[in-house]
Amino acid sequence: MSLAQLQKGSWMLDGQVGLSLNRQNNESLGSPWGAYTLSSRNKQFTLSPGLGYFVRDHWAFGLSPSFGVSWGKGESGYNSLVRGNLFDYGVGVFSRKYIPAGDKLFLYGDLRFGGFWGNSGWNDNGASDRMVLSKSNGIEANASLGLQYMVKEQLGIHLQSTLIDYWKRTVNGVAFQGSETRESLSVRLFSSFQIGATVFF
């Protein structure tokens, strides 16, 4: 199936939300804030709108801002209960390739790259006030697979899962002096999902 809305010269307005769960065990021996360990179970919510243009049939490029918040609780190496959270916002570019898979069904691959900024904080020992620990900035890239169903001629809904995610973040202390750079490359095969809708015009 080759819809006119997915052909060269068309536009797409995309939006998706996601929720993921993960468990982390972090250890830092060379941190400017001293040695620490932290084991936590985290939740992450993301919102990613986007505007794309079809440079070829079924192949679009575009711009995508992003917003995210993650929160969790765990036990630090100082045997204290920590409730932490992280706020991020950013902007990037994306490329999406659609492959027809049925009358109204499309598979697609999605690649994204962008920069982001944010801050992190925590509530220690049950305190109600949030302490901002650091501000950060960095880059992120990821590859995803998705399934799009055309509800109407110009409206589709989709389910997407991140396959590979890479980020590099520079963290500058606010509550404490110092800075450090963190880097992560993870394979997240079907461990997180995003749902969304796309309008073609």
# chains A, B, ... in the order shown; residues from 1 in each chain; ligands from 1
call {"tool": "select_by_dssp", "arguments": {"residues": "region 81-194 of chain A", "states": "strand (DSSP E)", "output": "JSON, numbers by chain"}}
result
{"A": [81, 82, 83, 84, 85, 86, 87, 88, 89, 90, 91, 92, 93, 94, 95, 96, 97, 98, 99, 100, 105, 106, 107, 108, 109, 110, 111, 112, 113, 114, 115, 116, 117, 118, 119, 120, 121, 122, 123, 124, 131, 132, 133, 134, 135, 136, 137, 138, 139, 140, 141, 142, 143, 144, 145, 146, 147, 148, 149, 150, 151, 152, 155, 156, 157, 158, 159, 160, 161, 162, 163, 164, 165, 166, 167, 168, 169, 170, 171, 172, 173, 179, 180, 181, 182, 183, 184, 185, 186, 187, 193, 194]}
call {"tool": "closest_residue", "arguments": {"among": "A:Asp129, A:Asp110, A:Asp103, A:Asp88", "to": "Gly62 (chain A)", "atoms": "only C-alpha atoms"}}
result
A:Asp110
call {"tool": "atom_distance", "arguments": {"atom1": "CA of Gly114 (chain A)", "atom2": "CA of Asn172 (chain A)"}}
result
19.7 Å
call {"tool": "atom_distance", "arguments": {"atom1": "CA of Ile139 (chain A)", "atom2": "CA of Tyr166 (chain A)"}}
result
8.4 Å
call {"tool": "decode", "arguments": {"residues": "region 108-122 of chain A", "atoms": "all heavy atoms", "output": "PDB file, in the first residue's frame"}}
result
ATOM      1  N   TYR A 108       8.104   0.538  10.616  1.00  0.00           N
ATOM      2  CA  TYR A 108       9.039   1.625  10.356  1.00  0.00           C
ATOM      3  C   TYR A 108      10.245   1.545  11.275  1.00  0.00           C
ATOM      4  O   TYR A 108      10.195   0.997  12.380  1.00  0.00           O
ATOM      5  CB  TYR A 108       8.363   2.999  10.480  1.00  0.00           C
ATOM      6  CG  TYR A 108       7.894   3.394  11.857  1.00  0.00           C
ATOM      7  CD1 TYR A 108       8.782   3.928  12.803  1.00  0.00           C
ATOM      8  CD2 TYR A 108       6.557   3.258  12.232  1.00  0.00           C
ATOM      9  CE1 TYR A 108       8.362   4.314  14.053  1.00  0.00           C
ATOM     10  CE2 TYR A 108       6.118   3.644  13.485  1.00  0.00           C
ATOM     11  CZ  TYR A 108       7.019   4.168  14.386  1.00  0.00           C
ATOM     12  OH  TYR A 108       6.592   4.546  15.644  1.00  0.00           O
ATOM     13  N   GLY A 109      11.336   2.095  10.776  1.00  0.00           N
ATOM     14  CA  GLY A 109      12.533   2.278  11.573  1.00  0.00           C
ATOM     15  C   GLY A 109      12.723   3.759  11.839  1.00  0.00           C
ATOM     16  O   GLY A 109      12.457   4.594  10.963  1.00  0.00           O
ATOM     17  N   ASP A 110      13.166   4.118  13.040  1.00  0.00           N
ATOM     18  CA  ASP A 110      13.270   5.514  13.453  1.00  0.00           C
ATOM     19  C   ASP A 110      14.641   5.751  14.080  1.00  0.00           C
ATOM     20  O   ASP A 110      15.026   5.050  15.020  1.00  0.00           O
ATOM     21  CB  ASP A 110      12.148   5.827  14.455  1.00  0.00           C
ATOM     22  CG  ASP A 110      12.063   7.302  14.803  1.00  0.00           C
ATOM     23  OD1 ASP A 110      12.865   7.770  15.642  1.00  0.00           O
ATOM     24  OD2 ASP A 110      11.182   7.978  14.259  1.00  0.00           O
ATOM     25  N   LEU A 111      15.383   6.724  13.562  1.00  0.00           N
ATOM     26  CA  LEU A 111      16.688   7.103  14.094  1.00  0.00           C
ATOM     27  C   LEU A 111      16.615   8.542  14.583  1.00  0.00           C
ATOM     28  O   LEU A 111      16.077   9.410  13.879  1.00  0.00           O
ATOM     29  CB  LEU A 111      17.778   6.990  13.024  1.00  0.00           C
ATOM     30  CG  LEU A 111      18.049   5.607  12.447  1.00  0.00           C
ATOM     31  CD1 LEU A 111      19.069   5.705  11.320  1.00  0.00           C
ATOM     32  CD2 LEU A 111      18.545   4.650  13.527  1.00  0.00           C
ATOM     33  N   ARG A 112      17.185   8.818  15.777  1.00  0.00           N
ATOM     34  CA  ARG A 112      17.125  10.158  16.345  1.00  0.00           C
ATOM     35  C   ARG A 112      18.472  10.540  16.956  1.00  0.00           C
ATOM     36  O   ARG A 112      19.175   9.706  17.526  1.00  0.00           O
ATOM     37  CB  ARG A 112      16.038  10.264  17.419  1.00  0.00           C
ATOM     38  CG  ARG A 112      14.649  10.114  16.834  1.00  0.00           C
ATOM     39  CD  ARG A 112      13.540  10.141  17.855  1.00  0.00           C
ATOM     40  NE  ARG A 112      12.275   9.912  17.192  1.00  0.00           N
ATOM     41  CZ  ARG A 112      11.333  10.832  16.999  1.00  0.00           C
ATOM     42  NH1 ARG A 112      11.518  12.051  17.465  1.00  0.00           N
ATOM     43  NH2 ARG A 112      10.221  10.543  16.357  1.00  0.00           N
ATOM     44  N   PHE A 113      18.771  11.831  16.828  1.00  0.00           N
ATOM     45  CA  PHE A 113      19.990  12.390  17.431  1.00  0.00           C
ATOM     46  C   PHE A 113      19.683  13.802  17.896  1.00  0.00           C
ATOM     47  O   PHE A 113      19.026  14.567  17.183  1.00  0.00           O
ATOM     48  CB  PHE A 113      21.146  12.409  16.434  1.00  0.00           C
ATOM     49  CG  PHE A 113      22.381  13.074  16.979  1.00  0.00           C
ATOM     50  CD1 PHE A 113      23.258  12.371  17.787  1.00  0.00           C
ATOM     51  CD2 PHE A 113      22.640  14.413  16.706  1.00  0.00           C
ATOM     52  CE1 PHE A 113      24.394  12.985  18.308  1.00  0.00           C
ATOM     53  CE2 PHE A 113      23.777  15.033  17.219  1.00  0.00           C
ATOM     54  CZ  PHE A 113      24.653  14.315  18.023  1.00  0.00           C
ATOM     55  N   GLY A 114      20.150  14.173  19.093  1.00  0.00           N
ATOM     56  CA  GLY A 114      19.888  15.516  19.575  1.00  0.00           C
ATOM     57  C   GLY A 114      20.659  15.856  20.823  1.00  0.00           C
ATOM     58  O   GLY A 114      21.401  15.045  21.387  1.00  0.00           O
ATOM     59  N   GLY A 115      20.470  17.085  21.273  1.00  0.00           N
ATOM     60  CA  GLY A 115      21.071  17.555  22.509  1.00  0.00           C
ATOM     61  C   GLY A 115      20.008  17.761  23.565  1.00  0.00           C
ATOM     62  O   GLY A 115      18.824  17.937  23.262  1.00  0.00           O
ATOM     63  N   PHE A 116      20.428  17.738  24.829  1.00  0.00           N
ATOM     64  CA  PHE A 116      19.464  17.919  25.906  1.00  0.00           C
ATOM     65  C   PHE A 116      20.118  18.647  27.078  1.00  0.00           C
ATOM     66  O   PHE A 116      21.336  18.701  27.221  1.00  0.00           O
ATOM     67  CB  PHE A 116      18.888  16.576  26.365  1.00  0.00           C
ATOM     68  CG  PHE A 116      19.908  15.623  26.922  1.00  0.00           C
ATOM     69  CD1 PHE A 116      20.281  15.655  28.258  1.00  0.00           C
ATOM     70  CD2 PHE A 116      20.510  14.673  26.104  1.00  0.00           C
ATOM     71  CE1 PHE A 116      21.223  14.786  28.780  1.00  0.00           C
ATOM     72  CE2 PHE A 116      21.459  13.791  26.606  1.00  0.00           C
ATOM     73  CZ  PHE A 116      21.812  13.852  27.945  1.00  0.00           C
ATOM     74  N   TRP A 117      19.248  19.207  27.925  1.00  0.00           N
ATOM     75  CA  TRP A 117      19.657  19.915  29.134  1.00  0.00           C
ATOM     76  C   TRP A 117      18.731  19.483  30.261  1.00  0.00           C
ATOM     77  O   TRP A 117      17.596  19.059  30.020  1.00  0.00           O
ATOM     78  CB  TRP A 117      19.548  21.431  28.926  1.00  0.00           C
ATOM     79  CG  TRP A 117      20.377  21.929  27.783  1.00  0.00           C
ATOM     80  CD1 TRP A 117      21.619  22.490  27.843  1.00  0.00           C
ATOM     81  CD2 TRP A 117      20.025  21.913  26.389  1.00  0.00           C
ATOM     82  NE1 TRP A 117      22.068  22.808  26.591  1.00  0.00           N
ATOM     83  CE2 TRP A 117      21.112  22.465  25.679  1.00  0.00           C
ATOM     84  CE3 TRP A 117      18.905  21.468  25.676  1.00  0.00           C
ATOM     85  CZ2 TRP A 117      21.111  22.607  24.294  1.00  0.00           C
ATOM     86  CZ3 TRP A 117      18.902  21.595  24.296  1.00  0.00           C
ATOM     87  CH2 TRP A 117      19.992  22.164  23.615  1.00  0.00           C
ATOM     88  N   GLY A 118      19.187  19.584  31.483  1.00  0.00           N
ATOM     89  CA  GLY A 118      18.320  19.167  32.577  1.00  0.00           C
ATOM     90  C   GLY A 118      18.934  19.423  33.936  1.00  0.00           C
ATOM     91  O   GLY A 118      20.019  20.010  34.062  1.00  0.00           O
ATOM     92  N   ASN A 119      18.236  18.978  34.974  1.00  0.00           N
ATOM     93  CA  ASN A 119      18.766  19.052  36.326  1.00  0.00           C
ATOM     94  C   ASN A 119      18.273  17.862  37.121  1.00  0.00           C
ATOM     95  O   ASN A 119      17.230  17.276  36.815  1.00  0.00           O
ATOM     96  CB  ASN A 119      18.385  20.370  37.012  1.00  0.00           C
ATOM     97  CG  ASN A 119      16.908  20.459  37.320  1.00  0.00           C
ATOM     98  OD1 ASN A 119      16.423  19.876  38.295  1.00  0.00           O
ATOM     99  ND2 ASN A 119      16.170  21.198  36.495  1.00  0.00           N
ATOM    100  N   SER A 120      19.025  17.479  38.116  1.00  0.00           N
ATOM    101  CA  SER A 120      18.677  16.334  38.950  1.00  0.00           C
ATOM    102  C   SER A 120      18.644  16.752  40.407  1.00  0.00           C
ATOM    103  O   SER A 120      19.320  17.702  40.821  1.00  0.00           O
ATOM    104  CB  SER A 120      19.679  15.185  38.769  1.00  0.00           C
ATOM    105  OG  SER A 120      20.968  15.587  39.213  1.00  0.00           O
ATOM    106  N   GLY A 121      17.855  16.044  41.198  1.00  0.00           N
ATOM    107  CA  GLY A 121      17.771  16.341  42.615  1.00  0.00           C
ATOM    108  C   GLY A 121      17.264  15.142  43.385  1.00  0.00           C
ATOM    109  O   GLY A 121      16.916  14.111  42.802  1.00  0.00           O
ATOM    110  N   TRP A 122      17.211  15.286  44.713  1.00  0.00           N
ATOM    111  CA  TRP A 122      16.669  14.207  45.519  1.00  0.00           C
ATOM    112  C   TRP A 122      16.115  14.736  46.830  1.00  0.00           C
ATOM    113  O   TRP A 122      16.364  15.868  47.235  1.00  0.00           O
ATOM    114  CB  TRP A 122      17.689  13.100  45.755  1.00  0.00           C
ATOM    115  CG  TRP A 122      18.914  13.447  46.586  1.00  0.00           C
ATOM    116  CD1 TRP A 122      19.079  14.498  47.440  1.00  0.00           C
ATOM    117  CD2 TRP A 122      20.125  12.701  46.633  1.00  0.00           C
ATOM    118  NE1 TRP A 122      20.308  14.464  48.025  1.00  0.00           N
ATOM    119  CE2 TRP A 122      20.990  13.366  47.552  1.00  0.00           C
ATOM    120  CE3 TRP A 122      20.568  11.541  46.025  1.00  0.00           C
ATOM    121  CZ2 TRP A 122      22.265  12.913  47.843  1.00  0.00           C
ATOM    122  CZ3 TRP A 122      21.849  11.093  46.329  1.00  0.00           C
ATOM    123  CH2 TRP A 122      22.673  11.760  47.216  1.00  0.00           C
TER     124      TRP A 122
END
